[in-house]
Amino acid sequence: MEEKKIIDYTLIPAGFGIMIAYHIWLFLRVIYTPYKTVIGVNAVNRRFWVRAMMQDPSKNGVLSVQTLRNNIMASTLLASTAITLSSVIAVLMGNATKDRRAWMFAYGDTSEMGLSVRFFCLMLCFLVAFLLNVQSIRYYNHASILINVPFNKISPDHHLTAATAEYVAKSVNWGSYFWSLGLRAFYFSLPLFLWIFGPIPMFICCVLLVLSLYFLDVASQCDWVVGFDDDDDDDDHRNDQ
């Protein structure tokens with residue numbers, strides 16, 4: 001029993017620590033070097049897309065609304081899935097505490113309190129995913145109205161048009177950020193689910209998940225975003241010769 005407790009108290013904090021440390025590193029990288037992350041590169045391109053859509057709403061209005069509608073449908077699907085899984089886990093949580101024999105194959109703490117904590121963390125993760133995706137829908141709904149406002153025809157003030165386009169771009173980006181966080185919550189639920197079967201599969205899942213997310217989050221070949229121009233580079237090379 002003491003050996004199981006030692007493994008629980010060692011691997012579980014280590015697994016959570018790896019996940020938290022990676023996302024802190026990713027957050028700092030997005031803040032200070034956004035062009036080296038997929039999140040930062042996508043945010044820049046969404047700004048370009050919003051400005052292109054708002055230059056001629058009568059021509060691009062259908063495309064912009066359909067694009068935002070697809071994003072709303074994706075967020076709605078994740079939100080519905082999250083709240084459904086939360087309800088299912090609540091039912092399993094009640095059944096598991098009544099009969100622990102079905103979960104005795106789990107290596108580690110198999111007490112009633114331990115199982116309750118595991119199910120509660122998993123349910124809380126899906127509830128957070130639900131709330132994040134609801135916020136994503138909120139921002140996308142705002143942007144779907146604002147993106148079709150013809151400010152070029154209403155006001156000749158170029159600064160007003162630029163400020164409005166930037167505001168809409170921020171709304172679209174915030175919707176995407178919340179959607180990404182909701183998706184992260186789904187990723188985070190995988191080690192929480194494996195935690196039910198013991199700390200060892202949970203720790204292994206945390207390590208493998210961090211390695212997978214690293215390759216999905218880091219953008220190593222996006223020099224063009226910060227002003228790199230192949231044509232200019234070729235001209236400079238010819239002038240040096």
# chains A, B, ... in the order shown; residues from 1 in each chain; ligands from 1
$ select_by_dssp --residues "segment 17-188 of chain A" --states "alpha helix (DSSP H)" --output "count of residues only"
146
$ residues_around --residues "segment 23-28 of chain A" --least-positions-apart "6" --cutoff "10 Å" --atoms "only C-alpha atoms" --output "ChimeraX atom specification"
/A:17,34,37,39,184,210,213-214,217-218
$ write_last_selection --atoms "N, CA and C atoms" --output "CSV table (one decimal), in the first residue's frame"
chain,number,residue,atom,x,y,z
A,17,GLY,N,2.8,18.5,-13.7
A,17,GLY,CA,3.9,19.5,-13.8
A,17,GLY,C,4.4,19.6,-15.2
A,34,PRO,N,5.6,35.4,-31.2
A,34,PRO,CA,4.4,34.8,-31.8
A,34,PRO,C,4.6,34.2,-33.1
A,37,THR,N,5.2,30.4,-33.5
A,37,THR,CA,4.2,29.5,-33.0
A,37,THR,C,3.0,29.5,-34.0
A,39,ILE,N,-0.1,29.4,-33.3
A,39,ILE,CA,-1.1,30.3,-32.8
A,39,ILE,C,-0.8,31.7,-33.2
A,184,ARG,N,-7.8,22.3,-26.1
A,184,ARG,CA,-6.8,21.9,-25.2
A,184,ARG,C,-7.4,21.2,-24.0
A,210,VAL,N,2.6,15.9,-24.5
A,210,VAL,CA,3.5,17.1,-24.6
A,210,VAL,C,4.4,17.1,-25.9
A,213,LEU,N,2.1,17.7,-28.8
A,213,LEU,CA,1.7,19.1,-28.9
A,213,LEU,C,2.8,20.1,-29.3
A,214,TYR,N,4.0,19.7,-29.0
A,214,TYR,CA,5.2,20.5,-29.4
A,214,TYR,C,5.3,20.6,-30.9
A,217,ASP,N,2.4,22.9,-32.2
A,217,ASP,CA,2.4,24.3,-31.8
A,217,ASP,C,3.5,25.1,-32.3
A,218,VAL,N,4.6,24.5,-32.7
A,218,VAL,CA,5.8,25.3,-33.1
A,218,VAL,C,5.8,25.4,-34.6
$ atom_distance --atom1 "atom CA of Val207 of chain A" --atom2 "atom CA of Ile6 of chain A"
19.5 Å
$ residues_around --residues "segment 60-73 of chain A" --least-positions-apart "3" --cutoff "12 Å" --atoms "only C-alpha atoms" --output "ChimeraX atom specification"
/A:46,49-57,76-80,133-150,168,171-173,175-180
$ residues_around --residues "Ile89 of chain A" --least-positions-apart "5" --cutoff "10 Å" --atoms "only C-alpha atoms" --output "list in words"
Ile83, Thr84, Gly94, Asn95, Phe119, Phe120, Leu122, Met123, Leu124 and Phe126 of chain A
$ write_last_selection --atoms "C-alpha atoms" --output "mmCIF file, in the first residue's frame"
data_model
loop_
_atom_site.group_PDB
_atom_site.id
_atom_site.type_symbol
_atom_site.label_atom_id
_atom_site.label_comp_id
_atom_site.auth_asym_id
_atom_site.auth_seq_id
_atom_site.Cartn_x
_atom_site.Cartn_y
_atom_site.Cartn_z
ATOM 1 C CA ILE A 83 -21.507 18.921 -21.579
ATOM 2 C CA THR A 84 -22.704 15.441 -22.601
ATOM 3 C CA GLY A 94 -22.033 7.852 -8.577
ATOM 4 C CA ASN A 95 -21.868 4.221 -9.691
ATOM 5 C CA PHE A 119 -13.844 11.498 -11.764
ATOM 6 C CA PHE A 120 -14.355 15.010 -10.430
ATOM 7 C CA LEU A 122 -12.273 14.699 -15.420
ATOM 8 C CA MET A 123 -15.771 16.163 -15.150
ATOM 9 C CA LEU A 124 -14.354 19.589 -14.284
ATOM 10 C CA PHE A 126 -15.083 18.900 -19.653
#
$ atom_distance --atom1 "atom CA of Thr164 of chain A" --atom2 "atom CA of Ile31 of chain A"
23.4 Å
$ residues_around --residues "Phe16 of chain A" --least-positions-apart "2" --cutoff "10 Å" --atoms "only C-alpha atoms" --output "list in words"
Leu11, Ile12, Pro13, Ala14, Ile18, Met19, Ile20, Ala21, Tyr22, Phe188, Pro191, Leu192, Met202, Phe203, Cys206 and Val207 of chain A
$ closest_residue --among "A:Ser116, A:Ala169, A:Leu85, A:Ala163" --to "Val128 of chain A" --atoms "only C-alpha atoms"
A:Leu85
$ atom_distance --atom1 "atom CA of Gly114 of chain A" --atom2 "atom CA of Gly198 of chain A"
10.5 Å
